[in-house]
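**Student:** You'll find coords-v4.txt just under this line, and it carries compact mmCIF, C-alpha atoms and all ligand atoms.
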# COMPACT_ATOMS: atom_id res chain seq x y z
CA MET A 1 148.34 313.79 53.84
CA ALA A 2 150.29 316.16 51.62
CA TYR A 3 150.29 319.80 52.62
CA THR A 4 151.48 322.00 49.88
CA SER A 5 151.09 325.65 49.13
CA SER A 6 147.95 326.42 47.24
CA SER A 7 146.32 329.35 45.67
CA LEU A 8 142.65 329.68 45.05
CA HIS A 9 140.56 332.08 43.07
CA LEU A 10 137.03 332.48 44.22
CA HIS A 11 134.01 334.59 43.55
CA LYS A 12 132.78 336.08 46.76
CA HIS A 13 129.22 336.66 47.78
CA LEU A 14 127.98 338.73 50.62
CA LEU A 15 125.31 337.02 52.60
CA LEU A 16 122.75 338.86 54.61
CA PRO A 17 120.94 337.30 57.55
CA LYS A 18 117.58 335.84 56.75
CA THR A 19 114.53 337.73 57.88
CA ASN A 20 113.30 335.20 60.38
CA PRO A 21 116.08 333.33 62.16
CA SER A 22 113.64 331.08 63.97
CA SER A 23 112.00 329.80 60.82
CA SER A 24 112.34 326.09 60.19
CA TYR A 25 115.34 324.52 58.53
CA SER A 26 115.78 325.32 54.89
CA ARG A 27 118.13 323.61 52.52
CA PRO A 28 121.02 325.82 51.44
CA PRO A 29 121.35 326.48 47.76
CA PRO A 30 123.48 324.47 45.37
CA PRO A 31 126.99 325.77 44.76
CA SER A 32 126.18 328.09 41.90
CA PHE A 33 123.43 330.64 41.69
CA VAL A 34 121.09 331.77 39.03
CA ALA A 35 120.41 335.45 39.24
CA ALA A 36 116.90 336.13 40.42
CA ALA A 37 114.93 339.25 41.11
CA ALA A 38 116.79 341.74 43.26
CA LYS A 39 114.98 342.07 46.54
CA ILE A 40 116.56 343.18 49.75
CA ASN A 41 113.55 344.74 51.40
CA GLY A 42 113.04 343.46 54.88
CA VAL A 43 116.49 341.96 55.39
CA ASN A 44 117.54 342.43 59.02
CA GLY A 45 114.13 343.87 59.63
CA HIS A 46 115.10 347.04 57.76
CA SER A 47 114.00 348.21 54.39
CA SER A 48 116.62 348.35 51.69
CA LYS A 49 118.29 351.64 51.09
CA LYS A 50 120.03 352.91 48.04
CA SER A 51 123.15 354.99 48.33
CA PRO A 52 123.30 358.18 46.30
CA ASN A 53 125.08 356.35 43.49
CA GLY A 54 122.20 353.93 43.24
CA LYS A 55 124.09 350.92 44.65
CA ALA A 56 122.44 348.81 47.29
CA GLN A 57 123.95 349.23 50.72
CA ILE A 58 125.42 346.08 52.03
CA ASN A 59 124.20 345.74 55.58
CA GLY A 60 120.62 346.58 54.85
CA ASP A 61 120.64 348.83 57.88
CA GLY A 62 122.05 351.89 56.29
CA LYS A 63 125.50 351.27 57.79
CA LYS A 64 128.60 351.53 55.67
CA GLY A 65 130.39 348.36 54.67
CA ALA A 66 133.18 347.11 56.84
CA ASN A 67 136.00 349.04 55.38
CA GLY A 68 133.99 352.17 55.75
CA SER A 69 134.96 353.18 52.27
CA GLY A 70 132.06 351.82 50.29
CA ARG A 71 134.54 349.89 48.14
CA LYS A 72 132.38 346.80 48.02
CA LYS A 73 130.00 346.96 45.14
CA ALA A 74 126.75 345.08 44.94
CA ALA A 75 127.30 344.05 41.35
CA ALA A 76 124.36 341.68 41.21
CA GLN A 77 121.80 340.58 43.70
CA HIS A 78 120.57 337.02 43.94
CA ILE A 79 117.90 335.36 45.94
CA ASN A 80 118.53 331.71 46.49
CA GLY A 81 114.96 330.62 46.25
CA ASN A 82 114.28 330.63 49.96
CA ASP A 83 115.32 333.07 52.61
CA ARG A 84 118.89 334.18 52.06
CA ILE A 85 120.11 336.93 49.86
CA HIS A 86 123.48 337.05 48.17
CA LEU A 87 125.23 340.06 46.80
CA SER A 88 128.11 339.50 44.45
CA VAL A 89 131.10 341.50 45.54
CA SER A 90 133.70 343.04 43.34
CA THR A 91 137.32 342.98 44.42
CA GLY A 92 138.79 344.53 47.49
CA GLY A 93 138.62 341.96 50.25
CA ALA A 94 136.82 342.38 53.51
CA GLY A 95 139.44 344.87 54.65
CA GLY A 96 139.84 346.63 51.35
CA GLN A 97 143.30 345.21 50.69
CA ASP A 98 144.04 342.68 48.00
CA GLY A 99 146.98 340.97 49.68
CA PHE A 100 149.04 340.33 46.54
CA GLY A 101 152.46 339.05 47.55
CA LEU A 102 151.29 338.06 51.03
CA ARG A 103 151.48 334.49 52.31
CA VAL A 104 148.67 333.47 54.66
CA ALA A 105 148.92 330.28 56.75
CA PHE A 106 145.73 328.35 57.45
CA GLN A 107 144.96 325.06 59.15
CA GLY A 108 143.92 322.29 56.82
CA ALA A 109 144.29 321.07 53.29
CA PRO A 110 143.49 323.22 50.24
CA GLY A 111 139.72 323.75 50.16
CA ALA A 112 139.33 324.11 53.96
CA TYR A 113 136.93 326.79 55.20
CA SER A 114 139.87 328.66 56.74
CA GLU A 115 141.42 328.96 53.29
CA PHE A 116 138.17 330.46 51.98
CA ALA A 117 138.22 332.94 54.85
CA ALA A 118 141.83 333.90 54.02
CA LYS A 119 140.86 334.44 50.37
CA THR A 120 137.89 336.52 51.46
CA ALA A 121 140.14 338.77 53.53
CA LEU A 122 142.93 339.01 51.00
CA PRO A 123 141.82 337.78 47.55
CA GLY A 124 145.29 338.12 46.04
CA CYS A 125 147.19 336.29 48.77
CA ASP A 126 148.95 332.93 48.51
CA THR A 127 147.55 330.51 51.05
CA VAL A 128 149.85 328.13 52.92
CA PRO A 129 148.27 324.95 54.33
CA CYS A 130 149.36 323.80 57.80
CA ARG A 131 148.56 320.62 59.66
CA ALA A 132 147.39 322.28 62.90
CA PHE A 133 146.25 325.74 64.00
CA ALA A 134 149.35 325.87 66.21
CA ASP A 135 151.54 325.38 63.12
CA ALA A 136 149.79 328.23 61.31
CA LEU A 137 150.39 330.59 64.26
CA ALA A 138 154.00 329.44 64.65
CA ALA A 139 154.54 330.10 60.93
CA VAL A 140 153.52 333.75 61.20
CA ASP A 141 155.25 334.19 64.56
CA GLY A 142 158.48 332.78 63.13
CA GLY A 143 158.30 334.94 60.00
CA ALA A 144 157.79 332.05 57.54
CA VAL A 145 154.51 333.65 56.38
CA ASP A 146 152.98 337.13 56.62
CA ARG A 147 149.62 336.28 58.19
CA ALA A 148 147.67 333.41 59.76
CA ILE A 149 143.93 332.90 59.83
CA LEU A 150 142.13 331.43 62.83
CA PRO A 151 138.44 330.60 63.45
CA VAL A 152 137.57 332.04 66.88
CA GLU A 153 133.82 331.70 67.23
CA SER A 154 130.73 330.32 65.55
CA THR A 155 127.03 331.05 65.82
CA MET A 156 126.43 327.41 66.74
CA GLU A 157 129.13 326.90 69.40
CA GLY A 158 130.25 330.33 70.59
CA THR A 159 133.92 331.04 71.30
CA ALA A 160 136.46 328.47 70.10
CA LEU A 161 138.34 328.54 73.42
CA ARG A 162 141.21 326.37 72.30
CA ASN A 163 141.96 328.69 69.40
CA TYR A 164 141.85 331.70 71.74
CA ASP A 165 144.34 329.83 73.95
CA LEU A 166 146.67 329.46 70.98
CA LEU A 167 146.33 333.10 69.98
CA LEU A 168 147.15 334.34 73.49
CA ARG A 169 150.37 332.31 73.66
CA HIS A 170 151.81 334.24 70.71
CA ASP A 171 152.90 337.83 70.22
CA LEU A 172 150.50 338.43 67.31
CA VAL A 173 148.01 341.17 66.52
CA VAL A 174 144.54 340.93 65.01
CA VAL A 175 144.45 342.86 61.73
CA GLN A 176 141.08 341.86 60.29
CA GLU A 177 137.87 339.96 61.08
CA ILE A 178 135.93 337.85 58.57
CA ASN A 179 132.50 336.29 59.07
CA LEU A 180 131.97 333.33 56.80
CA PHE A 181 128.71 331.51 56.20
CA VAL A 182 129.49 327.80 56.47
CA HIS A 183 127.55 325.37 54.29
CA TYR A 184 128.21 321.74 55.09
CA CYS A 185 127.80 319.05 52.44
CA LEU A 186 128.07 315.28 52.65
CA LEU A 187 130.64 314.19 50.08
CA ALA A 188 131.49 310.71 48.85
CA MET A 189 133.52 309.00 46.13
CA PRO A 190 131.80 309.15 42.73
CA GLY A 191 129.07 306.52 42.47
CA VAL A 192 128.73 305.88 46.23
CA ARG A 193 125.10 306.12 47.43
CA ALA A 194 124.02 307.54 50.78
CA ALA A 195 122.73 304.12 51.90
CA GLU A 196 126.26 302.67 51.52
CA VAL A 197 127.84 305.18 53.91
CA ARG A 198 128.75 303.67 57.32
CA ARG A 199 131.14 306.33 58.61
CA VAL A 200 131.53 310.10 58.32
CA ILE A 201 134.86 311.91 58.80
CA SER A 202 135.48 315.63 59.23
CA HIS A 203 136.85 318.41 61.43
CA PRO A 204 135.43 318.06 64.98
CA MET A 205 133.62 321.41 64.66
CA ALA A 206 131.89 320.26 61.46
CA LEU A 207 130.86 316.93 63.07
CA ALA A 208 129.47 318.85 66.07
CA HIS A 209 127.56 321.31 63.87
CA CYS A 210 125.91 318.42 62.00
CA GLY A 211 125.15 316.22 65.02
CA ARG A 212 121.41 315.80 64.39
CA ALA A 213 121.80 315.04 60.69
CA LEU A 214 124.48 312.44 61.47
CA ALA A 215 122.31 310.82 64.15
CA ARG A 216 119.49 310.54 61.60
CA LEU A 217 121.87 308.88 59.15
CA GLY A 218 122.97 306.43 61.89
CA VAL A 219 126.65 306.57 60.88
CA ASP A 220 129.87 306.42 62.90
CA ARG A 221 131.71 309.74 63.27
CA GLU A 222 135.45 310.13 63.15
CA PRO A 223 137.24 313.43 63.70
CA VAL A 224 140.15 314.30 61.43
CA GLU A 225 142.33 317.42 61.12
CA ASP A 226 140.10 319.44 58.80
CA THR A 227 137.21 319.23 56.36
CA ALA A 228 139.24 319.34 53.16
CA GLY A 229 141.76 316.91 54.64
CA ALA A 230 138.87 314.49 55.16
CA VAL A 231 137.96 314.81 51.49
CA GLU A 232 141.57 314.30 50.44
CA MET A 233 141.72 311.19 52.65
CA LEU A 234 138.56 309.74 51.06
CA ARG A 235 139.95 310.36 47.61
CA SER A 236 143.47 309.04 48.14
CA ASN A 237 142.32 305.90 49.98
CA ARG A 238 139.32 305.38 47.66
CA MET A 239 137.06 304.86 50.68
CA LEU A 240 133.68 303.55 49.54
CA ASP A 241 131.92 303.17 52.90
CA THR A 242 132.92 306.59 54.22
CA ALA A 243 131.68 310.12 53.52
CA ALA A 244 133.17 313.48 54.51
CA ILE A 245 131.58 316.71 55.65
CA ALA A 246 133.08 319.63 53.75
CA SER A 247 132.22 322.52 51.48
CA PRO A 248 130.76 322.27 47.97
CA ARG A 249 134.00 323.91 46.84
CA ALA A 250 136.00 320.99 48.27
CA ALA A 251 133.75 318.59 46.30
CA ASP A 252 134.69 320.45 43.10
CA LEU A 253 138.39 320.62 43.98
CA TYR A 254 138.73 316.90 44.72
CA GLY A 255 136.11 315.57 42.26
CA LEU A 256 133.73 314.04 44.80
CA ASP A 257 129.94 313.66 44.65
CA VAL A 258 127.69 315.77 46.89
CA LEU A 259 125.21 313.40 48.57
CA ALA A 260 123.47 316.09 50.63
CA HIS A 261 123.57 319.85 51.07
CA GLY A 262 123.01 321.91 54.21
CA LEU A 263 123.87 319.26 56.76
CA GLN A 264 124.28 321.76 59.64
CA ASP A 265 121.73 321.55 62.45
CA GLU A 266 121.05 325.29 62.27
CA SER A 267 120.51 326.90 58.91
CA TRP A 268 122.20 330.12 60.09
CA ASN A 269 125.77 328.92 60.59
CA VAL A 270 128.44 331.59 60.59
CA THR A 271 132.07 331.28 61.72
CA ARG A 272 134.13 334.33 62.65
CA PHE A 273 137.80 334.24 61.69
CA LEU A 274 140.63 336.57 62.70
CA LEU A 275 143.53 337.44 60.45
CA LEU A 276 146.73 337.72 62.49
CA SER A 277 150.10 339.32 61.91
CA LYS A 278 153.29 339.98 63.81
CA PRO A 279 153.23 343.37 65.54
CA PRO A 280 153.23 346.20 64.77
CA SER A 281 149.97 345.96 62.84
CA PRO A 282 150.60 346.45 59.13
CA VAL A 283 147.11 347.91 58.68
CA THR A 284 146.48 351.61 59.00
CA LEU A 285 142.84 352.39 59.65
CA PRO A 286 141.42 355.50 58.04
CA MET A 287 140.45 358.03 60.72
CA ASP A 288 136.73 357.71 59.89
CA ALA A 289 136.71 353.89 59.74
CA ASP A 290 134.36 351.87 61.93
CA ALA A 291 136.87 350.06 64.11
CA LYS A 292 136.90 347.35 66.74
CA THR A 293 139.43 346.66 69.49
CA SER A 294 139.94 343.19 70.95
CA MET A 295 141.54 342.67 74.34
CA VAL A 296 142.02 340.15 77.09
CA VAL A 297 141.61 341.19 80.73
CA ALA A 298 142.99 339.03 83.56
CA HIS A 299 141.66 339.66 87.08
CA ARG A 300 141.78 338.22 90.59
CA GLY A 301 138.38 336.59 90.46
CA GLY A 302 136.40 335.93 93.58
CA SER A 303 133.22 337.59 92.39
CA MET A 304 131.44 338.81 89.34
CA MET A 305 131.99 342.44 90.46
CA VAL A 306 134.89 342.78 88.05
CA VAL A 307 132.58 342.03 85.12
CA LEU A 308 130.32 344.87 86.24
CA LYS A 309 133.31 347.16 86.58
CA VAL A 310 134.51 346.32 83.07
CA LEU A 311 131.00 346.89 81.70
CA SER A 312 130.83 350.20 83.51
CA ALA A 313 134.23 351.34 82.13
CA PHE A 314 132.77 350.98 78.63
CA SER A 315 129.15 351.96 79.20
CA SER A 316 130.05 355.17 81.06
CA ARG A 317 131.87 356.23 77.88
CA ASN A 318 129.07 355.05 75.62
CA ILE A 319 131.24 352.35 74.04
CA ASN A 320 129.42 349.31 72.71
CA LEU A 321 130.79 345.80 73.36
CA THR A 322 130.51 343.18 70.62
CA LYS A 323 131.93 340.31 72.67
CA LEU A 324 132.33 339.45 76.34
CA GLU A 325 133.46 335.97 77.30
CA VAL A 326 133.99 335.17 80.97
CA ILE A 327 136.51 332.41 81.77
CA ASN A 328 136.98 331.15 85.33
CA ASN A 329 139.35 328.23 85.52
CA ASN A 330 140.60 327.90 89.07
CA ASP A 331 138.98 324.53 89.72
CA GLY A 332 142.07 322.59 88.64
CA GLY A 333 139.83 320.09 86.92
CA GLY A 334 139.67 318.95 83.35
CA GLY A 335 142.49 317.64 81.27
CA GLY A 336 144.03 317.83 77.88
CA GLY A 337 145.37 321.38 78.19
CA GLY A 338 143.83 324.70 77.35
CA ALA A 339 141.41 326.93 79.21
CA ALA A 340 138.52 325.01 77.72
CA ALA A 341 139.57 322.02 79.83
CA GLY A 342 139.72 323.81 83.19
CA HIS A 343 143.32 325.01 83.18
CA PRO A 344 144.38 328.62 83.65
CA VAL A 345 144.66 330.71 80.51
CA MET A 346 148.28 331.15 79.41
CA ILE A 347 148.93 334.63 78.07
CA LEU A 348 152.17 335.92 76.61
CA ASP A 349 153.05 339.14 78.40
CA THR A 350 155.06 341.40 76.14
CA SER A 351 154.55 344.54 78.22
CA ALA A 352 157.60 344.22 80.46
CA ARG A 353 161.15 345.01 79.38
CA GLY A 354 163.15 341.93 78.48
CA ALA A 355 161.95 338.66 77.05
CA PRO A 356 158.19 338.11 76.80
CA THR A 357 156.92 335.76 79.50
CA LEU A 358 154.05 333.29 79.46
CA ARG A 359 151.83 333.95 82.50
CA ALA A 360 148.99 331.80 83.85
CA PHE A 361 145.67 333.48 84.71
CA PRO A 362 142.66 331.57 86.05
CA HIS A 363 140.21 334.48 85.66
CA VAL A 364 140.04 336.09 82.28
CA LEU A 365 137.65 338.12 80.14
CA TYR A 366 137.76 338.27 76.36
CA VAL A 367 136.39 341.66 75.32
CA ASP A 368 135.76 343.19 71.89
CA CYS A 369 134.56 346.79 71.82
CA GLU A 370 133.60 349.21 69.13
CA GLY A 371 136.13 351.96 68.49
CA ALA A 372 139.82 352.12 67.73
CA SER A 373 142.46 351.50 70.37
CA HIS A 374 143.76 355.06 69.77
CA ASP A 375 140.28 356.56 70.33
CA PRO A 376 140.60 358.57 73.59
CA ARG A 377 137.37 357.04 74.95
CA VAL A 378 138.67 353.50 74.38
CA LEU A 379 142.09 354.43 75.78
CA ASP A 380 140.44 355.86 78.89
CA ALA A 381 138.27 352.77 79.36
CA ILE A 382 141.36 350.55 79.15
CA LYS A 383 143.23 352.78 81.62
CA GLU A 384 140.31 352.50 84.06
CA ILE A 385 140.27 348.68 83.72
CA GLU A 386 144.04 348.53 84.26
CA ARG A 387 143.49 350.09 87.69
CA PHE A 388 141.64 347.03 89.02
CA ALA A 389 142.72 344.24 86.63
CA VAL A 390 145.84 342.14 87.04
CA PHE A 391 146.80 342.38 83.39
CA VAL A 392 145.35 343.75 80.15
CA ARG A 393 146.61 342.95 76.67
CA VAL A 394 145.18 344.62 73.58
CA LEU A 395 145.03 341.94 70.89
CA GLY A 396 144.43 344.29 67.99
CA CYS A 397 142.49 347.11 66.46
CA TYR A 398 140.95 346.53 63.04
CA ALA A 399 138.10 347.52 60.73
CA ALA A 400 134.75 346.34 62.04
CA ASP A 401 133.14 344.07 59.46
CA SER A 402 129.60 342.97 60.25
CA ASN A 403 129.13 341.48 56.78
CA VAL A 404 128.75 337.76 56.36
CA TYR A 405 130.55 336.36 53.34
CA ASP A 406 129.46 333.31 51.45
CA LEU A 407 131.74 331.51 49.04
CA GLN A 408 129.85 329.61 46.40
O1 LIG A 501 138.33 322.18 58.63
C1 LIG A 501 138.20 323.27 58.04
O2 LIG A 501 137.83 323.35 56.86
C2 LIG A 501 138.51 324.50 58.75
O3 LIG A 501 138.90 325.48 58.17
C3 LIG A 501 138.16 324.58 60.22
C4 LIG A 501 136.70 324.86 60.29
C5 LIG A 501 135.80 323.82 60.42
C6 LIG A 501 134.44 324.09 60.46
C7 LIG A 501 133.97 325.40 60.37
C8 LIG A 501 134.87 326.44 60.23
C9 LIG A 501 136.25 326.17 60.20
Kindly present the structure from the file in structure tokens form.
**Tutor:**
Amino acid sequence: MAYTSSSLHLHKHLLLPKTNPSSSYSRPPPPSFVAAAAKINGVNGHSSKKSPNGKAQINGDGKKGANGSGRKKAAAQHINGNDRIHLSVSTGGAGGQDGFGLRVAFQGAPGAYSEFAAKTALPGCDTVPCRAFADALAAVDGGAVDRAILPVESTMEGTALRNYDLLLRHDLVVVQEINLFVHYCLLAMPGVRAAEVRRVISHPMALAHCGRALARLGVDREPVEDTAGAVEMLRSNRMLDTAAIASPRAADLYGLDVLAHGLQDESWNVTRFLLLSKPPSPVTLPMDADAKTSMVVAHRGGSMMVVLKVLSAFSSRNINLTKLEVINNNDGGGGGGGAAAGHPVMILDTSARGAPTLRAFPHVLYVDCEGASHDPRVLDAIKEIERFAVFVRVLGCYAADSNVYDLQ
């Protein structure tokens, strides 16, 4: 598989959650949209609000957009015919920076979801494909690129523990978060019919997210490095009995037919990505920005008391948590490496003088809280946690972005 540098120019759409998440499966829209009546009443259970300049507010809940600057403009509003609403976004990126001149490493071939996420964060950046997530992180760590993008959780599967493991082994900081709506399509060589497909290849996460649909099709599943790589493989080997799960954008890029849209088992399928850089963080948050701080807390274990103490450190200061993942891996079981398999979490400790050391911790919490790491309340909460924890590492402080982006 050839991995070359690519650059991609995409129109972005903001996607708001549907009104009733428990409603039955609905087929996602085709790749391009026809503008329909603007209607955002009722999204998120809130009525739509207009800002003083007459532009629709993005979150539907009266909150500012992620960058806190109102730079995103709802240029046009579309309804896709069922229950999701798209707002076209002008330029600016999820963090309000265009990224021209920056190189962003992602895992996969051109057209992978991670590349879309990178382009959402930094529309002007040059994306650099890498074979594995580890290669993308090594590229930014070693200075070959400016940033790397990493999927860290999804609505369907929760935290991507293996990717967290990778992140913690490097001295990198989180500079931005991006939530991407993930549409899965079944793609095949031109002319191939669904009945002729015997095997489906894709990234393991995509195969897992489409488990029920694949069982219905009665096909074999084969994991490959990434979704776009699967499409490239189909194309270059002219596979006629095999289909790939990937994005509609990958179908366009590689000239494949879309046999089915919306293959994911849950219609609301969002993946959260983190944009990473070498420290110090190159992003300066405006003082009034809505911020988030991500950290990892290692502790002695033995009971769940420490979780209560961490919660209390934040709640007593009225700080909201947006993520809390509890990892206990002292059973020695599992295999294959990584905390997900029962091994201790390996965290690079850069706090001591001298060379950074990789330390093993069986009991770890992944915590994201609202507020900037320089906010005195957040600083105090961290200081309190440091009194009973074994080790705390702040992974980054960045603009909170609750928007969900959809690339069509
Ligand atoms: O394989 C890809 O396209 C990726 O970027 C990884 C991935 C796979 C499925 C959902 C989100 C990210």
**Student:** With all atoms listed in the file as the counted atoms, please give the residues lying no more than 7 Å from Ala372 of chain A, apart from itself and same-chain residues fewer than 6 positions off, as a list in words.
**Tutor:**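 Within the cut-off, the hits are Ala291, Lys292, Thr293, Val378 and Cys397 of chain A.
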**Student:** Write out, as a Markdown table, each residue of chain A that has an atom at most 10 Å from ligand LIG 501 (chain A), together with the closest pair of atoms and their distance in Å to one decimal, counting only C-alpha atoms and all ligand atoms, rows going by chain and rising number.
**Tutor:**
| residue | atom | partner | partner_atom | distance |
| --- | --- | --- | --- | --- |
| A:Phe106 | CA | A:LIG501 | O3 | 7.4 |
| A:Gln107 | CA | A:LIG501 | O3 | 6.2 |
| A:Gly108 | CA | A:LIG501 | O1 | 5.9 |
| A:Ala109 | CA | A:LIG501 | O2 | 7.7 |
| A:Pro110 | CA | A:LIG501 | O2 | 8.7 |
| A:Gly111 | CA | A:LIG501 | O2 | 7.0 |
| A:Ala112 | CA | A:LIG501 | O2 | 3.4 |
| A:Tyr113 | CA | A:LIG501 | O3 | 3.8 |
| A:Ser114 | CA | A:LIG501 | O3 | 3.6 |
| A:Glu115 | CA | A:LIG501 | O3 | 6.5 |
| A:Phe116 | CA | A:LIG501 | O3 | 8.0 |
| A:Ala117 | CA | A:LIG501 | O3 | 8.2 |
| A:Ala118 | CA | A:LIG501 | O3 | 9.8 |
| A:Ala132 | CA | A:LIG501 | C3 | 9.9 |
| A:Phe133 | CA | A:LIG501 | C3 | 9.0 |
| A:Ile149 | CA | A:LIG501 | O3 | 9.1 |
| A:Leu150 | CA | A:LIG501 | O3 | 8.2 |
| A:Pro151 | CA | A:LIG501 | C9 | 5.9 |
| A:Val152 | CA | A:LIG501 | C9 | 9.0 |
| A:Glu153 | CA | A:LIG501 | C8 | 8.8 |
| A:Ser154 | CA | A:LIG501 | C8 | 7.8 |
| A:Leu180 | CA | A:LIG501 | C8 | 8.2 |
| A:Phe181 | CA | A:LIG501 | C8 | 8.9 |
| A:Val182 | CA | A:LIG501 | C7 | 6.4 |
| A:His183 | CA | A:LIG501 | C7 | 8.8 |
| A:Tyr184 | CA | A:LIG501 | C6 | 8.6 |
| A:Ser202 | CA | A:LIG501 | O1 | 7.2 |
| A:His203 | CA | A:LIG501 | O1 | 4.9 |
| A:Pro204 | CA | A:LIG501 | C5 | 7.4 |
| A:Met205 | CA | A:LIG501 | C6 | 5.0 |
| A:Ala206 | CA | A:LIG501 | C6 | 4.7 |
| A:Leu207 | CA | A:LIG501 | C6 | 8.4 |
| A:Ala208 | CA | A:LIG501 | C6 | 9.1 |
| A:His209 | CA | A:LIG501 | C6 | 8.2 |
| A:Val224 | CA | A:LIG501 | O1 | 8.6 |
| A:Glu225 | CA | A:LIG501 | O1 | 6.7 |
| A:Asp226 | CA | A:LIG501 | O1 | 3.3 |
| A:Thr227 | CA | A:LIG501 | O1 | 3.9 |
| A:Ala228 | CA | A:LIG501 | O2 | 5.6 |
| A:Gly229 | CA | A:LIG501 | O1 | 7.4 |
| A:Ala230 | CA | A:LIG501 | O1 | 8.5 |
| A:Ile245 | CA | A:LIG501 | O1 | 9.2 |
| A:Ala246 | CA | A:LIG501 | O2 | 6.8 |
| A:Ser247 | CA | A:LIG501 | O2 | 7.8 |
| A:Ala250 | CA | A:LIG501 | O2 | 9.1 |
| A:Asn269 | CA | A:LIG501 | C7 | 8.9 |
| A:Val270 | CA | A:LIG501 | C8 | 8.2 |
| A:Thr271 | CA | A:LIG501 | C8 | 5.8 |
| A:Arg272 | CA | A:LIG501 | C8 | 8.3 |
| A:Phe273 | CA | A:LIG501 | C9 | 8.4 |
**Student:** For a test of reading the model, state the distance in Å between atom CA of His261 of chain A and atom CA of Asp241 of chain A, rounded to one decimal.
**Tutor:**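 Atom CA of Asp241 of chain A lies at a distance of 18.7 Å from atom CA of His261 of chain A.
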**Student:** Any chance you could work out the axis-aligned box around segment 219-230 of chain A, listed atoms only, 4 Å on each side, giving centre and edge lengths in Å to one decimal, as AutoDock Vina command-line options?
**Tutor:**
--center_x 134.5 --center_y 312.9 --center_z 58.4 --size_x 23.7 --size_y 21.0 --size_z 18.5
**Student:** Which is closest to Val104 of chain A among A:Asp375, A:Glu266, A:Asp141, A:Asp146, if we use only C-alpha atoms?
**Tutor:**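 Comparing A:Asp375, A:Glu266, A:Asp141, A:Asp146 against Val104 of chain A, the winner is A:Asp146.
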**Student:** If you measure from atom CA of Arg147 of chain A to atom CA of Val128 of chain A, what distance in Å do you get, rounded to one decimal?
**Tutor:**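 Answer for the atom CA of Arg147 of chain A to atom CA of Val128 of chain A separation: 9.7 Å.
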**Student:** Excluding segment 187-197 of chain A and its own-chain neighbours fewer than 4 positions away, which residues fall within 9 Å of it when counting all atoms listed in the file? Please give them as a PyMOL selection string.
**Tutor:** chain A and resi 217+219+231+234-235+238-248+250-251+255-260
**Student:** List every protein, DNA or RNA residue that has at least one atom no more than 7 Å from (129.1, 334.8, 56.0) in the file's coordinates, counting all atoms listed in the file, and write the result as a list of chain:residue names.
**Tutor:**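 Protein, DNA and RNA residues close to (129.1, 334.8, 56.0): A:Leu14, A:Leu15, A:Asn179, A:Leu180, A:Phe181, A:Val270, A:Asn403, A:Val404, A:Tyr405, A:Asp406.
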**Student:** Point out the residue among A:His299, A:Arg353, A:Arg317, A:His343 with the least atom-to-atom distance to Phe391 of chain A, counting all atoms listed in the file.
**Tutor:**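 When distances to Phe391 of chain A are compared using all atoms listed in the file, the smallest one comes from A:His299.
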**Student:** Could you make a table, as CSV, of the residues of segment 284-344 of chain A that have an atom within 6 Å of an atom of segment 360-364 of chain A, each with its nearest atom pair and distance in Å to one decimal, counting only C-alpha atoms, in chain and number order?
**Tutor:**
residue,atom,partner,partner_atom,distance
A:Val297,CA,A:Val364,CA,5.6
A:Ala298,CA,A:Val364,CA,4.4
A:His299,CA,A:His363,CA,5.6
A:Gly301,CA,A:His363,CA,5.6
A:Ile327,CA,A:Val364,CA,5.1
A:Asn328,CA,A:His363,CA,4.7
A:Asn329,CA,A:Pro362,CA,4.7
A:Asn330,CA,A:Pro362,CA,5.2
A:Pro344,CA,A:Pro362,CA,4.2
